[in-house]
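Asks: Data: work-v1.cif, mmCIF, C-alpha atoms.
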```cif
data_my_file
loop_
_atom_site.label_atom_id
_atom_site.label_comp_id
_atom_site.auth_asym_id
_atom_site.auth_seq_id
_atom_site.Cartn_x
_atom_site.Cartn_y
_atom_site.Cartn_z
CA MET K 744 110.06 93.40 79.16
CA ASN K 745 110.79 96.21 76.73
CA PRO K 746 112.49 95.41 73.40
CA ASP K 747 113.47 99.09 72.98
CA GLN K 748 116.33 98.61 75.41
CA PRO K 749 118.04 95.67 73.73
CA ILE K 750 120.67 94.80 76.32
CA LEU K 751 118.37 94.98 79.35
CA PHE K 752 115.70 93.10 77.42
CA LEU K 753 118.03 90.28 76.43
CA VAL K 754 119.50 89.94 79.93
CA GLU K 755 116.02 89.69 81.44
CA ASP K 756 114.94 87.29 78.72
CA ALA K 757 117.96 85.07 79.36
CA PHE K 758 117.22 85.10 83.09
CA TRP K 759 113.64 83.85 82.72
CA ALA K 760 114.64 81.32 80.09
CA ALA K 761 117.32 80.04 82.46
CA LEU K 762 114.74 79.64 85.23
CA ALA K 763 112.42 77.74 82.88
CA ALA K 764 115.27 75.47 81.77
CA LEU K 765 116.24 74.80 85.41
CA GLY K 766 112.70 73.82 86.39
CA PHE K 767 112.44 71.35 83.52
CA ALA K 768 115.93 70.01 84.18
CA LEU K 769 114.78 69.08 87.68
CA LEU K 770 111.59 67.57 86.30
CA PHE K 771 113.72 65.42 83.97
CA ASN K 772 116.00 64.46 86.90
CA VAL K 773 119.18 65.90 85.39
CA PRO K 774 122.14 65.15 87.69
CA ARG K 775 123.26 68.07 89.87
CA ARG K 776 126.69 68.40 88.25
CA LEU K 777 125.08 69.08 84.84
CA LEU K 778 122.44 71.62 85.93
CA ILE K 779 124.58 74.70 85.29
CA ALA K 780 125.30 73.56 81.72
CA CYS K 781 121.54 73.10 81.09
CA ILE K 782 120.83 76.60 82.39
CA VAL K 783 123.53 78.20 80.24
CA CYS K 784 122.31 76.42 77.09
CA GLY K 785 118.69 77.37 77.80
CA ALA K 786 119.44 81.04 78.50
CA LEU K 787 121.68 81.55 75.47
CA GLY K 788 119.43 79.68 73.04
CA HIS K 789 116.34 81.68 73.99
CA ALA K 790 118.19 85.01 74.12
CA VAL K 791 119.59 84.43 70.62
CA ARG K 792 116.10 83.70 69.30
CA GLN K 793 114.55 86.76 70.92
CA MET K 794 117.41 88.92 69.71
CA LEU K 795 116.84 87.79 66.12
CA VAL K 796 113.07 88.32 66.41
CA THR K 797 113.04 91.68 68.17
CA GLN K 798 116.19 93.31 66.77
CA ALA K 799 116.43 91.86 63.26
CA GLY K 800 112.75 91.15 62.66
CA ILE K 801 113.40 87.59 61.51
CA ALA K 802 110.48 85.15 61.37
CA LEU K 803 109.95 83.10 64.53
CA GLU K 804 110.47 79.82 62.68
CA ILE K 805 113.93 80.75 61.39
CA ALA K 806 114.91 82.44 64.64
CA SER K 807 113.86 79.28 66.53
CA PHE K 808 116.08 77.22 64.27
CA MET K 809 119.03 79.51 65.01
CA GLY K 810 118.36 79.44 68.76
CA ALA K 811 118.10 75.66 68.70
CA LEU K 812 121.29 75.50 66.65
CA VAL K 813 123.08 77.42 69.41
CA ILE K 814 121.68 74.93 71.95
CA GLY K 815 122.69 72.00 69.76
CA ILE K 816 126.27 73.18 69.31
CA LEU K 817 126.70 74.20 72.97
CA GLY K 818 125.17 70.90 74.10
CA TYR K 819 127.48 68.99 71.81
CA LEU K 820 130.56 70.79 73.16
CA MET K 821 129.48 70.41 76.78
CA ALA K 822 128.72 66.74 76.23
CA SER K 823 132.27 65.95 75.20
CA ARG K 824 133.69 68.17 77.94
CA LEU K 825 131.50 66.86 80.79
CA ARG K 826 131.38 63.29 79.41
CA ALA K 827 127.59 63.04 79.38
CA PRO K 828 125.01 62.45 76.63
CA ALA K 829 124.29 65.66 74.71
CA ILE K 830 120.55 65.10 74.89
CA ILE K 831 120.60 65.92 78.62
CA PHE K 832 121.55 69.55 77.94
CA GLN K 833 119.61 69.89 74.73
CA VAL K 834 116.18 68.77 75.96
CA ALA K 835 115.96 70.94 79.08
CA ALA K 836 117.46 73.92 77.24
CA SER K 837 115.06 73.75 74.29
CA ILE K 838 111.90 73.74 76.46
CA PRO K 839 111.79 77.59 76.64
CA LEU K 840 111.73 77.68 72.83
CA ILE K 841 108.53 75.62 72.59
CA PRO K 842 105.72 77.79 71.14
CA GLY K 843 103.20 77.32 73.98
CA ALA K 844 101.23 80.44 73.10
CA PHE K 845 100.75 79.37 69.47
CA ALA K 846 99.68 75.87 70.48
CA TYR K 847 97.20 77.44 72.91
CA ARG K 848 95.71 79.72 70.22
CA ALA K 849 95.38 76.75 67.87
CA MET K 850 93.54 74.82 70.58
CA LEU K 851 91.23 77.76 71.40
CA ASN K 852 90.15 78.04 67.78
CA LEU K 853 89.65 74.30 67.47
CA ILE K 854 87.27 74.18 70.46
CA ARG K 855 85.40 77.18 69.10
CA LEU K 856 84.82 75.40 65.83
CA PRO K 857 81.76 73.19 66.67
CA ASN K 858 79.70 76.20 67.83
CA ALA K 859 80.72 78.62 65.09
CA GLU K 860 78.24 79.77 62.46
CA SER K 861 79.17 78.71 58.93
CA ALA K 862 80.49 82.18 58.02
CA ALA K 863 82.49 82.52 61.24
CA GLY K 864 83.49 78.90 60.97
CA SER K 865 85.85 79.46 58.08
CA VAL K 866 87.57 82.27 60.01
CA VAL K 867 87.91 80.08 63.10
CA LEU K 868 89.17 77.18 61.00
CA GLY K 869 91.65 79.47 59.27
CA ASP K 870 92.97 80.73 62.60
CA ALA K 871 93.20 77.20 63.96
CA ALA K 872 95.13 76.01 60.90
CA PHE K 873 97.38 79.08 60.97
CA PHE K 874 98.46 78.57 64.58
CA LEU K 875 98.61 74.79 64.30
CA ILE K 876 100.87 74.93 61.26
CA ARG K 877 103.13 77.55 62.81
CA THR K 878 103.39 75.48 66.01
CA GLY K 879 104.37 72.46 63.93
CA LEU K 880 106.91 74.44 61.90
CA ILE K 881 108.53 75.94 64.99
CA LEU K 882 108.72 72.53 66.68
CA ALA K 883 110.33 71.07 63.56
CA ALA K 884 112.77 73.99 63.41
CA ILE K 885 113.76 73.43 67.06
CA ALA K 886 114.28 69.71 66.52
CA ALA K 887 116.29 70.25 63.35
CA GLY K 888 118.48 72.88 65.00
CA ILE K 889 119.26 70.61 67.92
CA ALA K 890 119.96 67.55 65.79
CA PHE K 891 122.07 69.41 63.23
CA PRO K 892 125.45 69.34 65.05
CA THR K 893 125.10 65.64 65.83
CA LEU K 894 124.31 64.87 62.19
CA LEU K 895 127.30 66.93 61.09
CA PHE K 896 129.96 65.67 63.49
CA GLN K 897 128.85 62.18 64.46
CA ARG K 898 129.13 60.32 61.18
CA ARG K 899 129.51 56.60 61.38
CA THR K 900 130.89 54.30 58.75
CA PRO K 901 128.76 51.22 58.11
CA VAL K 902 130.28 48.17 59.79
CA HIS K 903 130.14 44.51 58.78
CA ASP K 904 131.01 41.39 60.70
CA MET L 1100 136.03 26.76 56.58
CA THR L 1101 137.84 26.20 59.85
CA ASP L 1102 136.58 25.29 63.30
CA GLN L 1103 138.28 28.36 64.73
CA PRO L 1104 135.94 31.04 66.11
CA ILE L 1105 135.77 34.17 63.99
CA GLY L 1106 137.92 36.93 65.40
CA PRO L 1107 140.39 36.90 68.27
CA LYS L 1108 137.81 36.62 71.07
CA PRO L 1109 137.48 33.29 72.91
CA GLN L 1110 134.41 31.17 72.17
CA LEU L 1111 131.67 31.73 74.78
CA SER L 1112 129.20 29.12 76.00
CA ARG L 1113 125.44 29.56 75.62
CA ASP L 1114 125.12 30.42 79.30
CA GLU L 1115 127.78 33.11 79.04
CA LEU L 1116 126.03 34.62 76.04
CA ALA L 1117 122.74 34.58 77.97
CA ASP L 1118 124.41 36.56 80.77
CA ILE L 1119 125.71 39.12 78.29
CA ASN L 1120 122.26 39.43 76.69
CA GLU L 1121 120.63 39.99 80.06
CA VAL L 1122 123.07 42.72 81.11
CA ALA L 1123 123.10 44.48 77.72
CA LEU L 1124 119.29 44.41 77.50
CA TRP L 1125 118.97 45.76 81.02
CA ALA L 1126 121.20 48.71 80.13
CA GLY L 1127 119.16 49.30 76.97
CA ALA L 1128 115.87 49.07 78.87
CA LEU L 1129 117.04 51.65 81.42
CA MET L 1130 117.96 54.00 78.58
CA LEU L 1131 114.72 53.49 76.65
CA SER L 1132 112.44 54.04 79.63
CA GLY L 1133 114.56 57.00 80.75
CA GLY L 1134 114.05 58.80 77.41
CA SER L 1135 117.12 58.15 75.26
CA GLU L 1136 117.09 58.42 71.49
CA THR L 1137 117.18 55.12 69.61
CA ASP L 1138 120.57 55.57 68.00
CA ARG L 1139 122.29 55.95 71.34
CA ILE L 1140 120.58 52.87 72.79
CA GLU L 1141 121.73 50.69 69.89
CA GLU L 1142 125.27 52.01 70.14
CA THR L 1143 125.56 51.56 73.91
CA VAL L 1144 124.05 48.07 73.93
CA HIS L 1145 126.35 47.00 71.10
CA ARG L 1146 129.45 48.40 72.82
CA MET L 1147 128.66 46.80 76.15
CA GLY L 1148 127.88 43.41 74.63
CA THR L 1149 131.05 43.26 72.55
CA ALA L 1150 133.19 44.56 75.44
CA LEU L 1151 131.83 41.79 77.67
CA GLY L 1152 132.96 39.10 75.20
CA ALA L 1153 130.39 38.66 72.43
CA ASN L 1154 131.68 38.86 68.88
CA TRP L 1155 128.74 40.78 67.50
CA LEU L 1156 125.33 42.08 68.57
CA ASP L 1157 122.40 43.07 66.41
CA ILE L 1158 119.87 45.24 68.20
CA LEU L 1159 116.34 46.18 67.24
CA VAL L 1160 114.78 48.93 69.36
CA SER L 1161 111.01 49.17 69.10
CA PRO L 1162 109.01 51.81 71.01
CA ASN L 1163 108.26 49.48 73.92
CA ALA L 1164 110.63 46.52 73.56
CA ILE L 1165 114.24 45.72 72.69
CA ILE L 1166 115.31 42.63 70.77
CA LEU L 1167 118.91 41.55 70.46
CA THR L 1168 120.93 38.69 69.05
CA SER L 1169 124.47 38.16 70.27
CA SER L 1170 126.94 35.77 68.71
CA SER L 1171 130.24 34.18 69.57
CA GLY L 1172 131.77 31.84 67.00
CA GLU L 1173 129.09 29.36 65.97
CA GLU L 1174 126.97 30.07 69.06
CA PHE L 1175 124.22 32.70 69.05
CA ARG L 1176 121.33 33.71 71.30
CA THR L 1177 118.36 36.04 70.94
CA SER L 1178 116.49 37.77 73.76
CA VAL L 1179 113.54 40.11 73.92
CA ARG L 1180 112.76 42.52 76.73
CA ARG L 1181 109.64 44.58 77.09
CA VAL L 1182 110.21 48.14 78.29
CA PRO L 1183 107.45 50.17 79.94
CA ILE L 1184 107.34 53.89 79.17
CA LEU L 1185 108.30 55.57 82.42
CA GLY L 1186 109.05 59.16 83.27
CA VAL L 1187 112.05 60.88 81.72
CA ASN L 1188 115.13 60.27 83.84
CA MET L 1189 118.30 61.96 82.64
CA ARG L 1190 120.27 60.74 85.64
CA THR L 1191 119.81 57.15 84.45
CA LEU L 1192 121.05 58.11 80.98
CA ASP L 1193 124.11 59.80 82.46
CA GLU L 1194 124.93 56.84 84.73
CA VAL L 1195 124.45 54.18 82.01
CA ASN L 1196 126.65 56.29 79.73
CA ALA L 1197 129.42 56.35 82.36
CA LEU L 1198 128.95 52.63 83.02
CA SER L 1199 129.23 51.81 79.32
CA ARG L 1200 132.54 53.66 79.21
CA ARG L 1201 133.87 51.64 82.15
CA VAL L 1202 132.70 48.37 80.63
CA THR L 1203 134.28 49.23 77.27
CA SER L 1204 137.64 49.96 78.92
CA GLY L 1205 137.56 46.42 80.35
CA GLU L 1206 137.24 47.56 83.96
CA LEU L 1207 134.11 45.54 84.77
CA ASP L 1208 133.03 41.95 84.08
CA VAL L 1209 129.46 40.73 83.55
CA HIS L 1210 128.67 40.29 87.23
CA GLN L 1211 130.06 43.65 88.30
CA THR L 1212 128.14 45.30 85.47
CA ARG L 1213 124.94 43.66 86.66
CA GLY L 1214 125.60 45.01 90.17
CA GLU L 1215 126.13 48.52 88.80
CA LEU L 1216 122.88 48.34 86.77
CA ALA L 1217 121.02 47.28 89.91
CA ARG L 1218 122.47 50.31 91.69
CA ILE L 1219 121.53 52.67 88.83
CA SER L 1220 117.94 51.41 88.71
CA ARG L 1221 117.54 52.23 92.42
CA LEU L 1222 118.94 55.78 92.29
CA PRO L 1223 116.66 58.35 93.95
CA ARG L 1224 115.07 61.31 92.14
CA TYR L 1225 115.06 64.89 93.41
CA ASN L 1226 112.92 65.67 96.46
CA ARG L 1227 109.35 66.04 95.22
CA TRP L 1228 108.76 69.41 96.90
CA VAL L 1229 111.89 70.86 95.33
CA VAL L 1230 110.56 69.69 91.95
CA VAL L 1231 107.12 71.21 92.62
CA LEU L 1232 108.68 74.55 93.55
CA LEU L 1233 111.13 74.72 90.64
CA VAL L 1234 108.58 73.56 88.04
CA ALA L 1235 106.14 76.19 89.33
CA LEU L 1236 108.88 78.82 89.07
CA ALA L 1237 109.63 77.63 85.52
CA CYS L 1238 105.97 78.11 84.52
CA ALA L 1239 105.97 81.55 86.15
CA ALA L 1240 109.06 82.36 84.09
CA PHE L 1241 107.11 81.32 80.99
CA ALA L 1242 104.32 83.70 82.01
CA ARG L 1243 106.91 86.47 82.07
CA LEU L 1244 108.36 85.43 78.71
CA PHE L 1245 104.84 85.62 77.24
CA GLY L 1246 104.63 89.22 78.46
CA GLY L 1247 102.76 88.75 81.73
CA GLY L 1248 103.07 90.98 84.79
CA LEU L 1249 103.73 90.11 88.44
CA THR L 1250 100.12 89.06 89.13
CA ASP L 1251 100.12 86.74 86.15
CA MET L 1252 103.33 85.20 87.40
CA LEU L 1253 101.98 84.67 90.91
CA VAL L 1254 98.77 83.10 89.62
CA THR L 1255 100.81 80.82 87.35
CA LEU L 1256 103.10 79.89 90.24
CA VAL L 1257 100.21 78.71 92.41
CA ALA L 1258 98.24 77.03 89.61
CA SER L 1259 101.18 75.13 88.12
CA GLY L 1260 102.51 74.18 91.56
CA ALA L 1261 99.16 72.61 92.45
CA ALA L 1262 99.00 70.95 89.03
CA MET L 1263 102.48 69.46 89.51
CA PHE L 1264 101.44 68.14 92.92
CA VAL L 1265 98.40 66.42 91.40
CA ARG L 1266 100.57 64.99 88.63
CA GLN L 1267 103.02 63.50 91.15
CA GLU L 1268 100.19 61.98 93.17
CA MET L 1269 98.65 60.39 90.07
CA GLN L 1270 102.00 59.12 88.79
CA HIS L 1271 102.69 57.64 92.21
CA ARG L 1272 99.42 55.70 91.96
CA HIS L 1273 100.28 54.52 88.44
CA PHE L 1274 97.35 56.15 86.71
CA ASN L 1275 97.27 56.03 82.91
CA ILE L 1276 99.62 58.63 81.41
CA TYR L 1277 96.89 60.28 79.31
CA LEU L 1278 94.46 60.49 82.22
CA THR L 1279 97.20 61.98 84.40
CA THR L 1280 97.93 64.61 81.74
CA LEU L 1281 94.27 65.44 81.29
CA VAL L 1282 93.53 65.84 85.01
CA THR L 1283 96.73 67.84 85.60
CA ALA L 1284 95.90 70.23 82.76
CA PHE L 1285 92.36 70.55 84.15
CA VAL L 1286 93.62 71.45 87.64
CA GLY L 1287 96.16 74.00 86.34
CA ALA L 1288 93.67 75.63 83.97
CA SER L 1289 90.89 75.69 86.61
CA LEU L 1290 93.02 77.52 89.15
CA ALA L 1291 94.12 80.04 86.53
CA LEU L 1292 90.47 80.56 85.55
CA VAL L 1293 89.45 81.07 89.20
CA ALA L 1294 91.96 83.95 89.30
CA PHE L 1295 90.44 85.29 86.09
CA ARG L 1296 86.90 85.06 87.45
CA THR L 1297 87.80 86.89 90.67
CA GLY L 1298 89.41 89.62 88.58
CA ALA L 1299 92.95 89.02 89.84
CA THR L 1300 94.15 88.90 86.25
CA GLN L 1301 92.74 90.15 82.97
CA THR L 1302 94.78 88.09 80.51
CA ASP L 1303 94.90 84.47 79.44
CA ILE L 1304 98.65 84.28 80.08
CA PRO L 1305 98.31 82.38 83.41
CA LEU L 1306 95.92 79.93 81.73
CA LEU L 1307 98.35 78.94 79.02
CA SER L 1308 101.46 79.07 81.23
CA SER L 1309 100.03 76.86 83.99
CA VAL L 1310 99.79 73.77 81.77
CA LEU L 1311 103.25 74.09 80.20
CA LEU L 1312 104.70 71.68 82.76
CA LEU L 1313 103.00 68.94 80.74
CA VAL L 1314 104.69 69.76 77.42
CA PRO L 1315 105.98 66.46 75.95
CA GLY L 1316 109.35 67.99 75.05
CA VAL L 1317 111.44 64.85 75.36
CA HIS L 1318 109.07 62.77 73.22
CA LEU L 1319 108.94 65.41 70.48
CA ILE L 1320 112.70 65.98 70.36
CA ASN L 1321 113.43 62.25 70.41
CA ALA L 1322 110.86 61.78 67.64
CA ALA L 1323 112.66 64.27 65.41
CA GLU L 1324 116.09 62.92 66.29
CA ASP L 1325 115.01 59.32 65.57
CA ILE L 1326 113.43 60.22 62.24
CA LEU L 1327 116.46 62.24 61.15
CA LYS L 1328 118.76 59.34 61.98
CA GLY L 1329 116.71 56.78 60.09
CA HIS L 1330 114.76 55.14 62.94
CA LEU L 1331 111.45 55.98 61.34
CA VAL L 1332 109.20 53.59 63.27
CA THR L 1333 110.29 54.64 66.77
CA GLY L 1334 110.33 58.26 65.62
CA MET L 1335 106.73 58.11 64.35
CA VAL L 1336 105.51 56.43 67.53
CA ARG L 1337 107.21 58.97 69.75
CA GLY L 1338 105.79 61.82 67.69
CA LEU L 1339 102.32 60.30 67.97
CA LEU L 1340 102.76 59.92 71.73
CA GLY L 1341 103.73 63.61 71.94
CA ALA L 1342 100.72 64.62 69.84
CA VAL L 1343 98.28 62.59 71.95
CA ILE L 1344 99.69 64.09 75.14
CA ALA L 1345 99.30 67.57 73.63
CA ALA L 1346 95.69 66.71 72.77
CA CYS L 1347 95.10 65.58 76.38
CA ILE L 1348 96.41 68.94 77.63
CA ALA L 1349 93.99 70.70 75.27
CA ILE L 1350 91.02 68.56 76.41
CA GLY L 1351 91.84 69.20 80.08
CA MET L 1352 91.89 72.95 79.44
CA ALA L 1353 88.72 72.85 77.35
CA VAL L 1354 86.83 70.99 80.11
CA ALA L 1355 87.98 73.59 82.66
CA MET L 1356 86.75 76.42 80.39
CA TRP L 1357 83.44 74.67 79.89
CA ILE L 1358 82.90 74.19 83.64
CA PHE L 1359 83.74 77.82 84.33
CA ASN L 1360 81.33 78.70 81.55
CA LEU L 1361 83.85 80.95 79.93
CA GLU L 1362 83.22 81.86 76.32
CA ILE L 1363 86.93 81.98 75.46
CA ILE L 1364 88.96 84.81 76.85
#
```
Could you write out this file's structure as structure tokens?
Replies:
Amino acid sequence: MNPDQPILFLVEDAFWAALAALGFALLFNVPRRLLIACIVCGALGHAVRQMLVTQAGIALEIASFMGALVIGILGYLMASRLRAPAIIFQVAASIPLIPGAFAYRAMLNLIRLPNAESAAGSVVLGDAAFFLIRTGLILAAIAAGIAFPTLLFQRRTPVHD
Amino acid sequence: MTDQPIGPKPQLSRDELADINEVALWAGALMLSGGSETDRIEETVHRMGTALGANWLDILVSPNAIILTSSSGEEFRTSVRRVPILGVNMRTLDEVNALSRRVTSGELDVHQTRGELARISRLPRYNRWVVVLLVALACAAFARLFGGGLTDMLVTLVASGAAMFVRQEMQHRHFNIYLTTLVTAFVGASLALVAFRTGATQTDIPLLSSVLLLVPGVHLINAAEDILKGHLVTGMVRGLLGAVIAACIAIGMAVAMWIFNLEII
């Protein structure tokens, strides 16, 4: 995967993200008629994020929010078109955005911590905190991006008996 | 004050209200255990209950139970139903959603709705081997997204496929969800580390990709959605559940590293 060739890079990125979304859609038992929609959401959301990160140099947190926003809007549109709950598309499609590598680095540093010397300990702790916080921020960005369209369009007036 | 029931709907007997409660709670329970966000459960249960004849329903969704009170004129009834946390099942959510639409349009009565719910709760899942294959391919795709080569992808494919098989076997035997997560992560990480030890791969990409099948994505997204929509208690609990599952993944991986005596790649 070479970011120097933007179009090829993004097409390949979208392909692998689509495969990841499909696998999780099956794990979550998404009905067959909705699988294509999940794949499309997953591929576009991840490709948008990677485009922003590699081409525009935007921080992963903000790019994740934008990618999730794409998934949220697409999921919302597909939900009304296919008459199914939006969450079906949004959950499977947002799995490729989850920062697995950051969570892993945070974990590695945390298990190193008990054996670290006091001088090295502060470095290890710093690394653990760094990756843990970024994982949390990216997860929050994904969730906010997905929920945003629903919050915007699905307003309900309070009802009384 | 008059003796007339409030609203245009006919007064229901206590038994009729009990039937409505049972059906509406069943629909809500299917949604909660299948992984729906709280807001949608409340809305669907309310719609179904009022469409079936109740004047009003108040619903309280807690992380593992649903409480509802339905009323018709002067009559009211309250029911509670405990809901076990089961695996995510989007097909159930889709079917209950379609059913709620049919009930709201007046197509089905209480007994027909109960029959439909019985059908929905017996719907089959995908063939387990298809799931193993596609989940393994998904993890291999992650390995590629993290910058891995073909060998990394193949190692991830085998390791995560075996991990998914173990997970299915443990779920089938109703093992505790945390134990299942821990053992599955251990199996996936161990196989990836075997490949590392034999020199098949030089990176830690297979190690971190092989456990991604355990990511509690639905819990975390539902947590955020619930909190943003004002259901703070269910949101907090779901977030905590996601965090504990993530910790179990980490412990499973750490145990595998310790057994393979690997001082961190």
Asks: Please identify every residue of chain L that has at least one atom no more than 9 Å from any atom of chain K, counting all atoms listed in the file, and report them as a PyMOL selection string.
Replies: chain L and resi 1135-1136+1139+1154-1155+1186-1194+1196-1197+1224-1225+1229-1241+1243-1246+1304+1307-1308+1311-1312+1314+1316-1317+1319-1324+1327-1328+1345-1346+1349-1350+1353+1362-1363
Asks: Grab the residues selected above and save them as a CSV table (one decimal), in the frame of the given file with C-alpha atoms.
Replies:
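Wrote it out as result_0.csv, contents follow:
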```csv
chain,number,residue,atom,x,y,z
L,1135,SER,CA,117.1,58.2,75.3
L,1136,GLU,CA,117.1,58.4,71.5
L,1139,ARG,CA,122.3,56.0,71.3
L,1154,ASN,CA,131.7,38.9,68.9
L,1155,TRP,CA,128.7,40.8,67.5
L,1186,GLY,CA,109.0,59.2,83.3
L,1187,VAL,CA,112.0,60.9,81.7
L,1188,ASN,CA,115.1,60.3,83.8
L,1189,MET,CA,118.3,62.0,82.6
L,1190,ARG,CA,120.3,60.7,85.6
L,1191,THR,CA,119.8,57.2,84.4
L,1192,LEU,CA,121.0,58.1,81.0
L,1193,ASP,CA,124.1,59.8,82.5
L,1194,GLU,CA,124.9,56.8,84.7
L,1196,ASN,CA,126.6,56.3,79.7
L,1197,ALA,CA,129.4,56.4,82.4
L,1224,ARG,CA,115.1,61.3,92.1
L,1225,TYR,CA,115.1,64.9,93.4
L,1229,VAL,CA,111.9,70.9,95.3
L,1230,VAL,CA,110.6,69.7,92.0
L,1231,VAL,CA,107.1,71.2,92.6
L,1232,LEU,CA,108.7,74.6,93.6
L,1233,LEU,CA,111.1,74.7,90.6
L,1234,VAL,CA,108.6,73.6,88.0
L,1235,ALA,CA,106.1,76.2,89.3
L,1236,LEU,CA,108.9,78.8,89.1
L,1237,ALA,CA,109.6,77.6,85.5
L,1238,CYS,CA,106.0,78.1,84.5
L,1239,ALA,CA,106.0,81.6,86.2
L,1240,ALA,CA,109.1,82.4,84.1
L,1241,PHE,CA,107.1,81.3,81.0
L,1243,ARG,CA,106.9,86.5,82.1
L,1244,LEU,CA,108.4,85.4,78.7
L,1245,PHE,CA,104.8,85.6,77.2
L,1246,GLY,CA,104.6,89.2,78.5
L,1304,ILE,CA,98.6,84.3,80.1
L,1307,LEU,CA,98.4,78.9,79.0
L,1308,SER,CA,101.5,79.1,81.2
L,1311,LEU,CA,103.2,74.1,80.2
L,1312,LEU,CA,104.7,71.7,82.8
L,1314,VAL,CA,104.7,69.8,77.4
L,1316,GLY,CA,109.4,68.0,75.0
L,1317,VAL,CA,111.4,64.8,75.4
L,1319,LEU,CA,108.9,65.4,70.5
L,1320,ILE,CA,112.7,66.0,70.4
L,1321,ASN,CA,113.4,62.2,70.4
L,1322,ALA,CA,110.9,61.8,67.6
L,1323,ALA,CA,112.7,64.3,65.4
L,1324,GLU,CA,116.1,62.9,66.3
L,1327,LEU,CA,116.5,62.2,61.2
L,1328,LYS,CA,118.8,59.3,62.0
L,1345,ALA,CA,99.3,67.6,73.6
L,1346,ALA,CA,95.7,66.7,72.8
L,1349,ALA,CA,94.0,70.7,75.3
L,1350,ILE,CA,91.0,68.6,76.4
L,1353,ALA,CA,88.7,72.8,77.4
L,1362,GLU,CA,83.2,81.9,76.3
L,1363,ILE,CA,86.9,82.0,75.5
```
Asks: List the residues selected by the PyMOL selection byres ((chain L and resi 1212-1214) around 10) in the file shown, writing them as a list in words.
Replies: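 On the file shown, the PyMOL selection byres ((chain L and resi 1212-1214) around 10) covers Asp1118, Ile1119, Glu1121, Val1122, Ala1123, Trp1125, Ala1126, Met1147, Leu1151, Leu1198, Ser1199, Arg1201, Val1202, Glu1206, Leu1207, Asp1208, Val1209, His1210, Gln1211, Glu1215, Leu1216, Ala1217, Arg1218 and Ile1219 of chain L.
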Asks: Can you list what the PyMOL selection byres ((chain L and resi 1306) around 9) grabs from this structure, as a ChimeraX atom specification?
Replies: /L:1254-1255,1258,1287-1292,1295,1302-1305,1307-1310,1352
Asks: With C-alpha atoms retained, write the just-selected residues as a compact mmCIF listing (two decimals), in the coordinates of the input.
Replies:
```
# COMPACT_ATOMS: atom_id res chain seq x y z
CA VAL L 1254 98.77 83.10 89.62
CA THR L 1255 100.81 80.82 87.35
CA ALA L 1258 98.24 77.03 89.61
CA GLY L 1287 96.16 74.00 86.34
CA ALA L 1288 93.67 75.63 83.97
CA SER L 1289 90.89 75.69 86.61
CA LEU L 1290 93.02 77.52 89.15
CA ALA L 1291 94.12 80.04 86.53
CA LEU L 1292 90.47 80.56 85.55
CA PHE L 1295 90.44 85.29 86.09
CA THR L 1302 94.78 88.09 80.51
CA ASP L 1303 94.90 84.47 79.44
CA ILE L 1304 98.65 84.28 80.08
CA PRO L 1305 98.31 82.38 83.41
CA LEU L 1307 98.35 78.94 79.02
CA SER L 1308 101.46 79.07 81.23
CA SER L 1309 100.03 76.86 83.99
CA VAL L 1310 99.79 73.77 81.77
CA MET L 1352 91.89 72.95 79.44
```
Asks: Just how far from atom CA of L:Pro1183 is atom CA of L:Gly1134, in Å to one decimal?
Replies: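 One can read the atom CA of L:Gly1134 to atom CA of L:Pro1183 distance as 11.2 Å.
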Asks: How far is it from atom CA of K:Ile779 to atom CA of K:Gln798, in Å with one decimal?
Replies: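 Straight-line distance from atom CA of K:Ile779 to atom CA of K:Gln798 works out to 27.6 Å.
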Asks: Provide the atom CA of L:Val1182 to atom CA of L:Thr1279 distance in Å, to one decimal place.
Replies: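 Calculated distance between atom CA of L:Val1182 and atom CA of L:Thr1279 is 20.0 Å.
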Asks: List as a PyMOL selection string the protein and nucleic acid residues near L:His1318, meaning an atom at most 7 Å away when all atoms listed in the file are counted, but skip any in the same chain fewer than 4 places from it.
Replies: chain L and resi 1322+1337-1338+1341
Asks: Just the residues within 12 Å of L:Asn1275, please, counting only C-alpha atoms, with nothing from its chain fewer than 4 positions along; format it as a PyMOL selection string.
Replies: chain L and resi 1184-1185+1266+1269-1271+1279-1282+1344+1347
Asks: Add whatever atoms are absent from stretch 1264-1269 of chain L to reach N, CA and C atoms, and provide the output as a tab-separated table (two decimals), in the coordinates of the input.
Replies:
```tsv
chain	number	residue	atom	x	y	z
L	1264	PHE	N	101.71	69.01	91.77
L	1264	PHE	CA	101.44	68.14	92.92
L	1264	PHE	C	100.46	67.03	92.53
L	1265	VAL	N	99.40	67.41	91.85
L	1265	VAL	CA	98.40	66.42	91.40
L	1265	VAL	C	99.05	65.40	90.47
L	1266	ARG	N	99.89	65.89	89.57
L	1266	ARG	CA	100.57	64.99	88.63
L	1266	ARG	C	101.41	63.97	89.38
L	1267	GLN	N	102.18	64.42	90.37
L	1267	GLN	CA	103.02	63.50	91.15
L	1267	GLN	C	102.18	62.46	91.86
L	1268	GLU	N	101.05	62.91	92.46
L	1268	GLU	CA	100.19	61.98	93.17
L	1268	GLU	C	99.64	60.91	92.22
L	1269	MET	N	99.22	61.34	91.02
L	1269	MET	CA	98.65	60.39	90.07
L	1269	MET	C	99.72	59.45	89.52
```
